[in-house]
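Text of the file structure36.pdb, holding PDB, C-alpha atoms:
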```
ATOM      1  CA  MET A   1     122.842 192.467 107.524
ATOM      2  CA  MET A   2     123.928 195.154 109.974
ATOM      3  CA  PRO A   3     125.957 193.785 112.927
ATOM      4  CA  VAL A   4     124.225 193.823 116.309
ATOM      5  CA  GLY A   5     126.923 196.083 117.725
ATOM      6  CA  THR A   6     126.350 198.678 115.027
ATOM      7  CA  MET A   7     122.593 198.520 115.587
ATOM      8  CA  THR A   8     123.047 198.975 119.349
ATOM      9  CA  GLN A   9     125.263 202.013 118.816
ATOM     10  CA  ALA A  10     122.687 203.495 116.443
ATOM     11  CA  VAL A  11     119.902 203.030 118.992
ATOM     12  CA  ALA A  12     122.082 204.641 121.666
ATOM     13  CA  GLN A  13     122.755 207.585 119.357
ATOM     14  CA  ALA A  14     119.016 207.960 118.747
ATOM     15  CA  ASP A  15     118.520 207.955 122.521
ATOM     16  CA  LYS A  16     120.995 210.818 122.992
ATOM     17  CA  ASP A  17     119.401 212.936 120.295
ATOM     18  CA  ASN A  18     117.162 215.548 121.903
ATOM     19  CA  GLY A  19     113.923 214.831 119.909
ATOM     20  CA  PHE A  20     114.222 211.054 119.866
ATOM     21  CA  ARG A  21     115.037 211.140 116.161
ATOM     22  CA  SER A  22     113.688 208.108 114.407
ATOM     23  CA  ILE A  23     115.729 204.967 114.880
ATOM     24  CA  ALA A  24     115.352 204.215 111.200
ATOM     25  CA  SER A  25     117.194 207.427 110.292
ATOM     26  CA  ALA A  26     119.866 206.765 112.891
ATOM     27  CA  LEU A  27     120.408 203.254 111.575
ATOM     28  CA  ARG A  28     120.675 204.473 108.012
ATOM     29  CA  GLN A  29     123.123 207.230 108.980
ATOM     30  CA  ARG A  30     125.208 204.815 111.035
ATOM     31  CA  GLY A  31     125.278 202.356 108.159
ATOM     32  CA  GLU A  32     126.564 205.020 105.771
ATOM     33  CA  GLU A  33     129.234 206.204 108.216
ATOM     34  CA  SER A  34     130.588 202.711 108.833
ATOM     35  CA  ASN A  35     130.255 201.631 105.194
ATOM     36  CA  VAL A  36     127.909 198.813 106.184
ATOM     37  CA  PRO A  37     126.101 197.649 103.025
ATOM     38  CA  MET A  38     122.333 197.848 103.319
ATOM     39  CA  GLY A  39     119.507 196.880 100.993
ATOM     40  CA  PRO A  40     119.198 194.253  98.249
ATOM     41  CA  ALA A  41     122.663 195.025  96.862
ATOM     42  CA  ALA A  42     124.199 193.816 100.118
ATOM     43  CA  LEU A  43     122.733 190.333  99.706
ATOM     44  CA  PRO A  44     124.344 187.505  97.733
ATOM     45  CA  ASN A  45     122.462 186.378  94.651
ATOM     46  CA  GLY A  46     119.456 184.317  95.671
ATOM     47  CA  ALA A  47     120.025 184.901  99.379
ATOM     48  CA  GLY A  48     117.924 186.701 101.967
ATOM     49  CA  GLU A  49     114.486 188.150 101.534
ATOM     50  CA  PRO A  50     114.452 191.013  98.983
ATOM     51  CA  ASN A  51     110.817 191.803  99.755
ATOM     52  CA  ARG A  52     111.739 192.611 103.333
ATOM     53  CA  TRP A  53     114.602 194.811 102.181
ATOM     54  CA  ARG A  54     112.312 196.685  99.812
ATOM     55  CA  SER A  55     109.778 197.209 102.597
ATOM     56  CA  ALA A  56     112.523 198.408 104.949
ATOM     57  CA  ALA A  57     113.871 200.809 102.324
ATOM     58  CA  ARG A  58     110.384 202.182 101.645
ATOM     59  CA  LEU A  59     109.791 202.761 105.362
ATOM     60  CA  CYS A  60     113.174 204.466 105.754
ATOM     61  CA  ARG A  61     112.326 206.840 102.919
ATOM     62  CA  GLN A  62     108.832 207.475 104.238
ATOM     63  CA  TYR A  63     109.894 208.251 107.806
ATOM     64  CA  ALA A  64     113.342 209.757 107.255
ATOM     65  CA  GLY A  65     113.804 212.672 109.656
ATOM     66  CA  VAL A  66     110.460 212.066 111.370
ATOM     67  CA  THR A  67     110.464 212.123 115.151
ATOM     68  CA  LEU A  68     108.507 209.686 117.304
ATOM     69  CA  GLU A  69     106.498 212.598 118.689
ATOM     70  CA  GLU A  70     105.199 213.290 115.178
ATOM     71  CA  LEU A  71     103.927 209.724 114.822
ATOM     72  CA  TYR A  72     102.633 208.923 118.314
ATOM     73  CA  GLU A  73     101.582 210.449 121.561
ATOM     74  CA  THR A  74     104.681 209.992 123.708
ATOM     75  CA  ARG A  75     105.506 210.358 127.355
ATOM     76  CA  VAL A  76     108.222 209.085 129.648
ATOM     77  CA  GLU A  77     106.884 206.517 132.112
ATOM     78  CA  ARG A  78     108.735 206.276 135.430
ATOM     79  CA  GLY A  79     108.528 203.576 138.059
ATOM     80  CA  PRO A  80     110.537 201.666 140.669
ATOM     81  CA  TYR A  81     112.581 199.968 137.941
ATOM     82  CA  GLY A  82     113.459 203.132 136.044
ATOM     83  CA  SER A  83     111.864 204.777 133.043
ATOM     84  CA  CYS A  84     111.068 204.108 129.386
ATOM     85  CA  LEU A  85     109.265 205.825 126.544
ATOM     86  CA  HIS A  86     105.543 205.096 126.232
ATOM     87  CA  LEU A  87     104.114 205.421 122.696
ATOM     88  CA  THR A  88     100.348 205.377 122.227
ATOM     89  CA  ASP A  89      98.082 205.277 119.209
ATOM     90  CA  GLN A  90      94.395 204.675 118.611
ATOM     91  CA  VAL A  91      92.169 203.264 115.898
ATOM     92  CA  SER A  92      88.604 204.499 116.217
ATOM     93  CA  PRO A  93      85.960 203.312 115.765
ATOM     94  CA  PHE A  94      86.969 199.671 116.074
ATOM     95  CA  GLU A  95      84.783 196.646 116.699
ATOM     96  CA  LEU A  96      86.020 193.177 117.587
ATOM     97  CA  ALA A  97      83.425 190.499 116.916
ATOM     98  CA  LEU A  98      84.111 187.477 119.106
ATOM     99  CA  LEU A  99      82.468 184.088 118.856
ATOM    100  CA  ASP A 100      78.974 183.871 120.253
ATOM    101  CA  PRO A 101      79.069 182.002 123.609
ATOM    102  CA  ALA A 102      76.348 179.574 122.497
ATOM    103  CA  LEU A 103      78.255 178.743 119.296
ATOM    104  CA  ALA A 104      81.513 178.394 121.265
ATOM    105  CA  GLU A 105      79.856 175.933 123.632
ATOM    106  CA  ASP A 106      78.424 173.953 120.724
ATOM    107  CA  LEU A 107      81.828 173.728 118.985
ATOM    108  CA  ILE A 108      83.600 172.506 122.117
ATOM    109  CA  PHE A 109      80.989 170.088 123.451
ATOM    110  CA  SER A 110      80.401 168.501 120.052
ATOM    111  CA  GLU A 111      84.062 167.408 119.988
ATOM    112  CA  LEU A 112      83.681 163.978 121.588
ATOM    113  CA  ARG A 113      87.432 163.282 121.436
ATOM    114  CA  LEU A 114      87.900 165.674 124.354
ATOM    115  CA  VAL A 115      86.552 162.920 126.601
ATOM    116  CA  PHE A 116      89.341 160.758 127.980
ATOM    117  CA  GLY A 117      89.352 157.370 126.283
ATOM    118  CA  VAL A 118      87.458 158.509 123.169
ATOM    119  CA  GLY A 119      89.521 158.415 119.982
ATOM    120  CA  PRO A 120      88.514 159.043 116.372
ATOM    121  CA  VAL A 121      87.062 155.550 115.846
ATOM    122  CA  THR A 122      85.090 155.573 119.086
ATOM    123  CA  ALA A 123      83.844 159.089 118.390
ATOM    124  CA  GLU A 124      82.486 158.043 114.979
ATOM    125  CA  ALA A 125      80.808 155.006 116.494
ATOM    126  CA  MET A 126      79.211 157.205 119.160
ATOM    127  CA  ARG A 127      77.880 159.634 116.577
ATOM    128  CA  ALA A 128      76.447 156.740 114.586
ATOM    129  CA  ALA A 129      74.692 155.626 117.781
ATOM    130  CA  GLY A 130      73.168 159.087 118.293
ATOM    131  CA  VAL A 131      75.655 160.658 120.729
ATOM    132  CA  ARG A 132      76.139 164.249 119.586
ATOM    133  CA  ARG A 133      77.518 166.119 122.591
ATOM    134  CA  ILE A 134      79.809 165.492 125.527
ATOM    135  CA  THR A 135      76.885 166.124 127.858
ATOM    136  CA  ASP A 136      75.200 163.045 126.385
ATOM    137  CA  LEU A 137      77.917 160.983 128.128
ATOM    138  CA  LEU A 138      77.383 162.316 131.658
ATOM    139  CA  GLY A 139      75.610 159.138 132.752
ATOM    140  CA  HIS A 140      77.972 156.760 130.955
ATOM    141  CA  HIS A 141      79.659 154.209 133.246
ATOM    142  CA  ARG A 142      83.060 154.678 131.573
ATOM    143  CA  PHE A 143      83.109 158.188 130.109
ATOM    144  CA  GLY A 144      80.795 159.991 132.560
ATOM    145  CA  GLY A 145      83.571 161.138 134.907
ATOM    146  CA  SER A 146      85.655 162.794 132.197
ATOM    147  CA  ALA A 147      82.547 164.389 130.662
ATOM    148  CA  ALA A 148      81.536 165.789 134.064
ATOM    149  CA  TRP A 149      85.016 167.274 134.568
ATOM    150  CA  LEU A 150      84.775 169.099 131.233
ATOM    151  CA  VAL A 151      81.336 170.476 132.126
ATOM    152  CA  GLN A 152      82.655 171.700 135.479
ATOM    153  CA  CYS A 153      85.600 173.472 133.803
ATOM    154  CA  TRP A 154      83.211 175.160 131.397
ATOM    155  CA  GLU A 155      80.821 176.275 134.149
ATOM    156  CA  ARG A 156      83.606 177.817 136.256
ATOM    157  CA  GLN A 157      85.218 179.233 133.083
ATOM    158  CA  ASP A 158      88.578 177.635 133.726
ATOM    159  CA  LEU A 159      90.004 178.661 130.365
ATOM    160  CA  GLY A 160      93.534 177.476 131.098
ATOM    161  CA  ALA A 161      92.491 173.961 132.087
ATOM    162  CA  LEU A 162      90.211 173.618 129.059
ATOM    163  CA  HIS A 163      92.867 174.858 126.639
ATOM    164  CA  ASP A 164      95.589 172.598 128.061
ATOM    165  CA  HIS A 165      93.208 169.642 127.848
ATOM    166  CA  MET A 166      92.404 170.439 124.201
ATOM    167  CA  ARG A 167      96.082 170.558 123.282
ATOM    168  CA  ARG A 168      96.755 167.223 124.988
ATOM    169  CA  ARG A 169      93.772 165.405 123.586
ATOM    170  CA  LEU A 170      93.728 166.830 120.054
ATOM    171  CA  ALA A 171      97.408 167.695 119.512
ATOM    172  CA  GLY A 172      97.652 170.342 116.753
ATOM    173  CA  ALA A 173      93.892 170.486 116.173
ATOM    174  CA  GLY A 174      93.459 171.625 119.768
ATOM    175  CA  HIS A 175      95.132 174.943 118.997
ATOM    176  CA  GLY A 176      92.365 175.959 116.612
ATOM    177  CA  LEU A 177      89.527 174.767 118.835
ATOM    178  CA  GLY A 178      91.064 176.708 121.716
ATOM    179  CA  PHE A 179      90.084 179.953 120.009
ATOM    180  CA  ALA A 180      86.456 179.057 120.676
ATOM    181  CA  LEU A 181      87.207 179.844 124.330
ATOM    182  CA  VAL A 182      87.210 183.573 123.562
ATOM    183  CA  GLY A 183      83.426 183.226 123.446
ATOM    184  CA  LEU A 184      83.571 183.186 127.258
ATOM    185  CA  VAL A 185      85.234 186.595 127.633
ATOM    186  CA  ARG A 186      84.417 190.189 126.780
ATOM    187  CA  PRO A 187      86.301 191.813 123.866
ATOM    188  CA  GLU A 188      87.980 194.221 126.316
ATOM    189  CA  GLN A 189      89.606 191.239 128.038
ATOM    190  CA  VAL A 190      91.538 190.185 124.905
ATOM    191  CA  VAL A 191      95.056 191.613 124.443
ATOM    192  CA  VAL A 192      97.255 191.197 121.363
ATOM    193  CA  VAL A 193     100.968 191.160 122.271
ATOM    194  CA  ASP A 194     104.166 191.450 120.240
ATOM    195  CA  LEU A 195     107.805 191.957 121.267
ATOM    196  CA  GLU A 196     110.763 193.390 119.400
ATOM    197  CA  THR A 197     114.227 192.244 120.416
ATOM    198  CA  LEU A 198     117.793 192.276 119.133
ATOM    199  CA  GLY A 199     117.054 188.877 117.618
ATOM    200  CA  LEU A 200     119.513 186.626 119.434
ATOM    201  CA  TRP A 201     118.248 184.397 122.256
ATOM    202  CA  GLY A 202     118.977 185.998 125.605
ATOM    203  CA  SER A 203     119.587 189.444 124.101
ATOM    204  CA  PRO A 204     117.668 192.507 125.332
ATOM    205  CA  MET A 205     114.098 193.359 124.502
ATOM    206  CA  LEU A 206     113.700 196.703 122.762
ATOM    207  CA  LEU A 207     109.921 197.061 122.619
ATOM    208  CA  PHE A 208     106.887 195.639 124.421
ATOM    209  CA  GLY A 209     103.791 196.301 122.333
ATOM    210  CA  PHE A 210     100.172 195.401 122.906
ATOM    211  CA  ALA A 211      96.732 196.375 121.641
ATOM    212  CA  ARG A 212      93.335 196.099 123.307
ATOM    213  CA  LEU A 213      89.833 197.495 123.009
ATOM    214  CA  HIS A 214      88.681 200.366 125.169
ATOM    215  CA  GLY A 215      85.474 202.324 124.734
ATOM    216  CA  GLY A 216      84.899 201.300 121.119
ATOM    217  CA  SER A 217      88.484 202.092 120.070
ATOM    218  CA  LEU A 218      91.571 199.955 119.602
ATOM    219  CA  GLU A 219      94.318 201.328 121.821
ATOM    220  CA  ILE A 220      97.907 200.539 120.860
ATOM    221  CA  HIS A 221     100.613 200.860 123.512
ATOM    222  CA  GLN A 222     104.344 200.444 122.985
ATOM    223  CA  TYR A 223     106.941 200.611 125.751
ATOM    224  CA  LEU A 224     110.283 201.445 124.167
ATOM    225  CA  ALA A 225     113.578 200.806 125.942
ATOM    226  CA  ARG A 226     115.742 203.625 124.631
ATOM    227  CA  SER A 227     118.776 201.994 126.217
ATOM    228  CA  GLY A 228     119.622 198.692 127.882
ATOM    229  CA  GLY A 229     119.002 200.203 131.304
ATOM    230  CA  GLU A 230     115.365 200.880 130.455
ATOM    231  CA  GLU A 231     114.501 197.267 129.593
ATOM    232  CA  PRO A 232     113.280 196.324 133.136
ATOM    233  CA  ALA A 233     110.873 199.281 133.175
ATOM    234  CA  ALA A 234     109.494 198.365 129.734
ATOM    235  CA  LEU A 235     109.040 194.766 130.884
ATOM    236  CA  ILE A 236     107.232 195.681 134.093
ATOM    237  CA  LEU A 237     104.925 198.210 132.450
ATOM    238  CA  GLY A 238     104.070 195.820 129.629
ATOM    239  CA  LEU A 239     103.374 192.902 131.952
ATOM    240  CA  ALA A 240     101.186 195.108 134.159
ATOM    241  CA  ALA A 241      98.838 195.535 131.207
ATOM    242  CA  LEU A 242      98.304 191.765 131.111
ATOM    243  CA  GLU A 243      97.229 191.443 134.737
ATOM    244  CA  ASP A 244      93.571 192.278 134.133
ATOM    245  CA  CYS A 245      93.171 190.501 130.785
ATOM    246  CA  GLU A 246      91.796 186.999 130.291
ATOM    247  CA  VAL A 247      93.268 186.139 126.864
ATOM    248  CA  MET A 248      96.640 186.996 125.316
ATOM    249  CA  VAL A 249      96.907 186.548 121.535
ATOM    250  CA  THR A 250     100.269 186.271 119.735
ATOM    251  CA  TYR A 251     101.687 185.054 116.439
ATOM    252  CA  ASN A 252     104.339 182.403 117.120
ATOM    253  CA  GLY A 253     104.315 183.586 120.724
ATOM    254  CA  ARG A 254     104.588 180.122 122.237
ATOM    255  CA  SER A 255     107.980 179.647 120.630
ATOM    256  CA  ALA A 256     109.177 183.267 120.779
ATOM    257  CA  ASP A 257     107.405 185.924 122.862
ATOM    258  CA  ALA A 258     106.340 183.842 125.885
ATOM    259  CA  PRO A 259     109.694 182.094 126.530
ATOM    260  CA  TRP A 260     111.520 185.355 125.807
ATOM    261  CA  LEU A 261     109.450 187.158 128.436
ATOM    262  CA  ALA A 262     110.110 184.398 130.952
ATOM    263  CA  GLN A 263     113.854 184.490 130.243
ATOM    264  CA  ARG A 264     114.175 188.269 130.532
ATOM    265  CA  CYS A 265     112.101 188.379 133.733
ATOM    266  CA  ALA A 266     114.296 185.657 135.226
ATOM    267  CA  TYR A 267     117.415 187.565 134.160
ATOM    268  CA  PHE A 268     116.295 190.702 136.013
ATOM    269  CA  GLY A 269     114.695 188.819 138.908
ATOM    270  CA  LEU A 270     111.249 190.222 138.147
ATOM    271  CA  ARG A 271     108.161 188.505 139.481
ATOM    272  CA  ARG A 272     105.297 187.827 137.125
ATOM    273  CA  GLY A 273     101.645 187.605 138.016
ATOM    274  CA  SER A 274      99.301 184.859 136.880
ATOM    275  CA  ALA A 275      99.523 184.355 133.138
ATOM    276  CA  PRO A 276      96.353 184.773 131.036
ATOM    277  CA  LEU A 277      95.179 182.185 128.540
ATOM    278  CA  HIS A 278      97.680 182.270 125.681
ATOM    279  CA  LEU A 279      96.345 181.708 122.153
ATOM    280  CA  ASP A 280      98.934 181.463 119.369
ATOM    281  CA  LEU A 281      97.673 182.309 115.873
ATOM    282  CA  LEU A 282     100.549 180.539 114.137
ATOM    283  CA  HIS A 283      99.081 177.036 114.390
ATOM    284  CA  PRO A 284      95.505 177.688 113.164
ATOM    285  CA  VAL A 285      96.857 179.954 110.396
ATOM    286  CA  ARG A 286      99.163 177.196 109.171
ATOM    287  CA  ARG A 287      96.379 174.637 109.311
ATOM    288  CA  ARG A 288      93.983 176.932 107.452
ATOM    289  CA  TYR A 289      96.286 178.551 104.873
ATOM    290  CA  GLY A 290      99.446 176.450 104.818
ATOM    291  CA  SER A 291     102.896 178.031 104.715
ATOM    292  CA  SER A 292     103.029 179.428 101.183
ATOM    293  CA  PRO A 293     104.869 182.773 100.910
ATOM    294  CA  SER A 294     102.031 184.370  98.926
ATOM    295  CA  VAL A 295      99.447 183.631 101.615
ATOM    296  CA  LYS A 296     101.741 184.824 104.408
ATOM    297  CA  SER A 297     102.476 188.059 102.581
ATOM    298  CA  GLU A 298      98.756 188.668 102.078
ATOM    299  CA  LEU A 299      98.230 188.154 105.802
ATOM    300  CA  GLY A 300     101.051 190.592 106.536
ATOM    301  CA  ALA A 301     103.120 188.001 108.406
ATOM    302  CA  PRO A 302     106.663 186.761 107.770
ATOM    303  CA  VAL A 303     107.055 183.279 106.371
ATOM    304  CA  PRO A 304     108.321 180.991 109.142
ATOM    305  CA  PRO A 305     111.228 178.693 108.312
ATOM    306  CA  ALA A 306     110.491 175.087 107.525
ATOM    307  CA  SER A 307     110.389 172.939 110.633
ATOM    308  CA  PRO A 308     113.276 170.463 110.953
ATOM    309  CA  VAL A 309     110.927 168.032 112.699
ATOM    310  CA  PRO A 310     109.377 165.564 110.255
ATOM    311  CA  HIS A 311     105.626 165.436 109.987
ATOM    312  CA  ALA A 312     103.964 162.712 111.967
ATOM    313  CA  ALA A 313     102.017 160.016 110.204
ATOM    314  CA  PRO A 314      98.259 160.588 109.947
ATOM    315  CA  GLY A 315      96.554 159.763 113.204
ATOM    316  CA  SER A 316      99.790 159.776 115.233
ATOM    317  CA  PRO A 317     100.820 162.501 117.712
ATOM    318  CA  ALA A 318     103.299 165.183 116.770
ATOM    319  CA  PRO A 319     106.888 164.401 117.853
ATOM    320  CA  GLY A 320     107.408 165.417 121.469
ATOM    321  CA  SER A 321     103.709 165.906 122.184
ATOM    322  CA  PRO A 322     101.701 163.803 124.656
ATOM    323  CA  ALA A 323     100.048 160.812 123.099
ATOM    324  CA  PRO A 324      96.331 161.211 122.393
ATOM    325  CA  GLY A 325      94.368 159.716 125.239
ATOM    326  CA  SER A 326      96.648 160.950 128.006
ATOM    327  CA  PRO A 327      94.578 162.568 130.781
ATOM    328  CA  ALA A 328      94.734 166.248 131.593
ATOM    329  CA  PRO A 329      95.957 167.225 135.068
ATOM    330  CA  GLY A 330      93.050 167.106 137.428
ATOM    331  CA  SER A 331      90.849 165.075 135.096
ATOM    332  CA  PRO A 332      89.222 161.967 136.493
ATOM    333  CA  ALA A 333      90.566 158.543 135.789
ATOM    334  CA  PRO A 334      88.649 156.521 133.198
TER     335      PRO A 334
END
```

As structure tokens, how would this structure be written, given the file I've shared?
Amino acid sequence: MMPVGTMTQAVAQADKDNGFRSIASALRQRGEESNVPMGPAALPNGAGEPNRWRSAARLCRQYAGVTLEELYETRVERGPYGSCLHLTDQVSPFELALLDPALAEDLIFSELRLVFGVGPVTAEAMRAAGVRRITDLLGHHRFGGSAAWLVQCWERQDLGALHDHMRRRLAGAGHGLGFALVGLVRPEQVVVVDLETLGLWGSPMLLFGFARLHGGSLEIHQYLARSGGEEPAALILGLAALEDCEVMVTYNGRSADAPWLAQRCAYFGLRRGSAPLHLDLLHPVRRRYGSSPSVKSELGAPVPPASPVPHAAPGSPAPGSPAPGSPAPGSPAP
């Protein structure tokens, strides 16, 4: 693997080149000059991920000598925190079909375990007695208060409160149900975010990328920090795009992108606006497809490493998570 210092020098060299020559070409050239082994031959037998190396080699061959201007519309964005390179692309036509609001409401309000004090056994007993929806409990002497709080959150579209409550009450299952909340927003209010960094915690961010719908097309924006001094500008411009969105979608963003953004903003003393609802695809994808390499490769996502935390016993909360039955902030007492 190429040392971080060598990679940084290669990026700096690409920055100095008058056409913003592709970073892939600069990295390859730098690797040859410094005799840094690259590709499958550089890996010990049985180590690393050959598929990734093959993909990287194919991309280097495909885009060798290609400038960024040939791939994207580019312009230099300037602001109070400096400048960075703004790359744009578009996929048109593009349609994003979100969950129907009526179906989203049915999915959420049929989950009786969202009511404080209702566990799996009680929920089954309620269904056997004819209780089908949370609204059926509004007049209940014990569960009516919690049911009313959930209805109020839904009516005022408090997506953050509802999502936090789902995660507390349902543990891992709450992540998947949280995606039903997108039925409350317009497709244009959903933003998909991904960051590229040097890979080590606390190291600089190189790229802030996001995609969102606009006028029937999917617009892709990437703010590239061509040097370390341009990172604050890329951060500010990327975060500005999140100010008017309602939902931010990531893959493993709760463990990577979100804390990384918070750390880099704190490092530069940058203020952040109110955060949108954050939905992480990693958890529902794992629950639906598992963690097999073949499935992850078909989905186009890297295979995450095995978690060192042992699996909890069936029916018990995940290690470190609030116990099922704990109330959400602001929810009424039972």

task = Grab the CA of Leu98 (chain A) to CA of Val190 (chain A) distance for me, in Å with one decimal place.
result = 9.8 Å

Mind checking which residues fall within 9 Å of Pro187 (chain A), counting all atoms listed in the file, ignoring those fewer than 2 positions away in the same chain, and posting them as a compact mmCIF listing (two decimals) with C-alpha atoms, in the coordinates of the input?
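Everything below was put into selection35.txt:
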```
# COMPACT_ATOMS: atom_id res chain seq x y z
CA GLU A 95 84.78 196.65 116.70
CA LEU A 96 86.02 193.18 117.59
CA ALA A 97 83.42 190.50 116.92
CA LEU A 98 84.11 187.48 119.11
CA VAL A 182 87.21 183.57 123.56
CA VAL A 185 85.23 186.60 127.63
CA GLN A 189 89.61 191.24 128.04
CA VAL A 190 91.54 190.18 124.90
CA VAL A 191 95.06 191.61 124.44
CA ARG A 212 93.34 196.10 123.31
CA LEU A 213 89.83 197.50 123.01
CA HIS A 214 88.68 200.37 125.17
```

inquiry  = (85.2, 162.2, 118.8) in this file's frame - what residues fall within 10 Å of it? Use all atoms listed in the file and give the answer as a count of residues only.
reply    = 22

key: Output of the PyMOL selection byres ((chain A and resi 251) around 6), listed as an MDAnalysis selection string   = chainID A and resid 250 252:253 280:282

key: Among listed residues A:Arg186, A:Arg254, A:His175, A:His221, nearest His283 (chain A) (using all atoms listed in the file)   =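 Looking at the shortest contact to His283 (chain A), the residue is A:His175.
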
key: Selection dump of the PyMOL selection byres ((chain A and resi 263-270) around 9), as a VMD selection string   = chain A and resid 202 to 205 232 235 to 236 258 to 262 271 to 272

Test item: the PyMOL selection byres ((chain A and resi 77) around 10) resolved as a list in words =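 That selection, the PyMOL selection byres ((chain A and resi 77) around 10), comes back as Thr74, Arg75, Val76, Arg78, Gly79, Gly82, Ser83, Cys84, Leu85, His86, Leu87, Tyr223, Ala233, Ala234 and Leu237 of chain A.
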
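Using all atoms listed in the file, the shortest contact distance between Ala180 (chain A) and any of A:Gly139, A:Pro93, A:Gly130, A:Pro101 is found at A:Pro101.
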
message = Report as a list in words all protein, DNA and RNA residues lying within 8 Å of Gln222 (chain A), evaluated on all atoms listed in the file, omitting residues in the same chain fewer than 6 positions from it.
response =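 The filter keeps His86, Leu87, Thr88, Leu207, Phe208, Gly209 and Phe210 of chain A.
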
Selected residue of minimal separation from Ala240 (chain A) among A:Thr197, A:Gln62, A:Ser274, A:Ser255, counting all atoms listed in the file =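 Selected residue with least distance to Ala240 (chain A): A:Ser274.
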
How big is the axis-aligned box around all listed atoms of region 60-74 of chain A once 3 Å goes on each side, and where's its centre, in Å to one decimal, as AutoDock Vina command-line options?
```
--center_x 107.7 --center_y 208.9 --center_z 113.3 --size_x 18.2 --size_y 14.8 --size_z 26.8
```

ask   = To one decimal place, how far is CA of Leu239 (chain A) from CA of Glu196 (chain A) in Å?
value = 14.6 Å

Straight-line distance linking CA of Leu200 (chain A) with CA of Asp257 (chain A), stated in Å to one decimal = 12.6 Å
